[in-house]
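Remarks on the structure that follows.
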Amino acid sequence: MSDTSADIEAAIAELADPVRAAGSARFFKTGPGQYGEGDRFIGVTVPQLRAVAKRFRGVDAATVDRLLASEIHEYRLAGLLLMRAEFERSPDDSTRRGWVDQYLAALAEGRVNNWDLVDASADPVLGAWLVRHGDHRRLVELAYETDLWMRRAGIVGTFAFLKHGVAEATLAVVPVVIDDRRDLIQKATGWMLREMGKRVDRGLLTSYLNDHAPQMGRTALSYAVEHLEADERAHYRSLR
């Protein structure tokens, strides 16, 4: 029996584009000292990866694990796309819990280690699981981690709750990360606050900003106020 992960990798490799790979390496900051240092790209787009993942739906956890162990960024992303698909297709909570545990292990092991990987998985796998059980504490725990990707997963995972009209998870996580000035934490924090205002209650957003805008970094604040009126944006920015 063939190794399914090898088949998936071969299907992705057929789509490789060296020019795009070089551009991706720059875009995802893979240089020395940058957040994606050492990551390797072969130049395959997300729509192409989604198409490959669709062809291979029904894979087992071991196949996903081998993809997540790869040094190639696109193989890891394909593994996460397949994990999401299998999580959503799972027939029961026991199976879903297995995928969530595998996801948390991969996150802790540093295999979900760039912002696109986190953003493709934290909300639809971990966040979706926690919404099902009405408990956001695991996201708060991740937000307390110093690791960039674990912390971002804690923030972005709250998106699943916002999609269901629930703001408590976001409001519990944001105070934990509000002083973190790393760009990718700033962007995620402002993004979730903005979505809270759009999807749940605009008043919750403005109330939060009234109390905390002076504490926020410029990037987080800029993202958070993006859909407010021009005079409101100017007001909150003036509070820093």
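Order determines the names: the first chain of the structure tokens is A, the second B, and so forth; residues in each chain are numbered 1 upward, and ligands are numbered 1 upward as they are shown.
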
Please identify all polymer residues within 12 Å of A:Gly23, counting only C-alpha atoms, omitting same-chain residues fewer than 6 positions from it, and present them as a compact mmCIF listing (two decimals) with C-alpha atoms, in the first residue's frame.
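Done, and the output landed in result_15.txt:
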# COMPACT_ATOMS: atom_id res chain seq x y z
CA ASP A 17 6.99 27.31 -8.97
CA LYS A 29 9.91 36.53 6.51
CA THR A 30 12.19 33.49 6.37
CA ARG A 40 11.15 26.41 3.11
CA PHE A 41 8.70 27.09 0.28
CA ILE A 42 8.27 25.42 -3.09
CA GLY A 43 5.82 27.95 -4.53
CA VAL A 44 2.27 26.53 -4.48
CA THR A 45 -0.77 28.75 -3.95

Exercise. Near stretch 125-129 of chain A, counting only C-alpha atoms, which residues have an atom at most 6 Å away, once you skip same-chain residues fewer than 6 positions from it, shown as a list in words?
Worked result: Arg84, Val100, Gly157 and Ala160 of chain A

Please produce a file of the residues just selected, as an mmCIF file, in the first residue's frame, where the atoms kept are N, CA and C atoms.
data_model
loop_
_atom_site.group_PDB
_atom_site.id
_atom_site.type_symbol
_atom_site.label_atom_id
_atom_site.label_comp_id
_atom_site.auth_asym_id
_atom_site.auth_seq_id
_atom_site.Cartn_x
_atom_site.Cartn_y
_atom_site.Cartn_z
ATOM 1 N N ARG A 84 -8.513 19.983 9.065
ATOM 2 C CA ARG A 84 -9.781 20.707 9.184
ATOM 3 C C ARG A 84 -10.917 19.926 8.519
ATOM 4 N N VAL A 100 -8.296 17.467 17.517
ATOM 5 C CA VAL A 100 -7.927 18.641 18.318
ATOM 6 C C VAL A 100 -6.661 18.368 19.118
ATOM 7 N N GLY A 157 -8.147 31.871 17.599
ATOM 8 C CA GLY A 157 -9.143 30.857 17.937
ATOM 9 C C GLY A 157 -10.446 31.440 18.429
ATOM 10 N N ALA A 160 -13.874 31.800 16.183
ATOM 11 C CA ALA A 160 -14.960 30.819 16.127
ATOM 12 C C ALA A 160 -16.126 31.246 17.015
#

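Minimum distance to A:Ala11 across A:Leu148, A:Phe28, A:Gly58, A:Glu74 (counting only C-alpha atoms) occurs at A:Glu74.
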
For this session: Excluding A:Ala122 and residues on its chain fewer than 5 positions from it, collect all residues at most 12 Å away from it, counting only C-alpha atoms, and give them as number ranges by chain.
Result: A: 80-81, 83-84, 100, 103-104, 106-107, 112-117, 127-130, 138-139, 142, 149-161, 188

For this session: Provide the atom CA of A:Tyr223 to atom CA of A:Thr206 distance in Å, to one decimal place.
Result: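 Atom-to-atom, atom CA of A:Tyr223 and atom CA of A:Thr206 are spaced 13.2 Å apart.
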
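With only C-alpha atoms as the atoms that count, the minimum distance from A:Val64 to the choices A:Gln102, A:Thr219, A:Gln48, A:Thr170 is reached by A:Gln102.
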
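Considering only C-alpha atoms, the residue among A:Arg199, A:Val140, A:Ser5, A:Asp147 positioned nearest to A:Gly165 is A:Arg199.
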
For this session: Quick one: everything within 12 Å of stretch 7-10 of chain A, counting only C-alpha atoms, minus sequence neighbours fewer than 4 positions away in the same chain. Send it as a ChimeraX atom specification.
Result: /A:1-3,14-16,42,44,49-57,59,63-64,66-68,70-79,82

For this session: Quick one: pick out all alpha helix (DSSP H) residues within stretch 1-239 of chain A from a backbone DSSP run and write them as a ChimeraX atom specification.
Result: /A:4-13,18-27,46-55,61-68,73-89,93-108,115-119,128-133,137-143,148-156,159-163,168-177,183-199,202-212,218-224,230-238

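The residue set within 10 Å of A:Gly98, counting only C-alpha atoms and dropping same-chain residues fewer than 6 places from it, reads A:Ala61, A:Phe87, A:Ser90.
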
For this session: Would you mind telling me which residue in A:Ala108, A:Ala167, A:Ala62, A:Ala6 lies nearest to A:Lys198 when using only C-alpha atoms?
Result: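 With only C-alpha atoms as the atom set, the closest residue is A:Ala167.
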
Exercise. Looking at only C-alpha atoms, which of A:Leu221, A:Ala120, A:Ala69, A:Ala25 is the one that sits closest to A:Ala85?
Worked result: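 Result for the nearest residue to A:Ala85: A:Ala120.
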
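Straight-line separation from atom CA of A:Met192 to atom CA of A:Asp179: 15.5 Å.
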
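Atom CA of A:Ala169 is positioned 13.2 Å from atom CA of A:Arg132.
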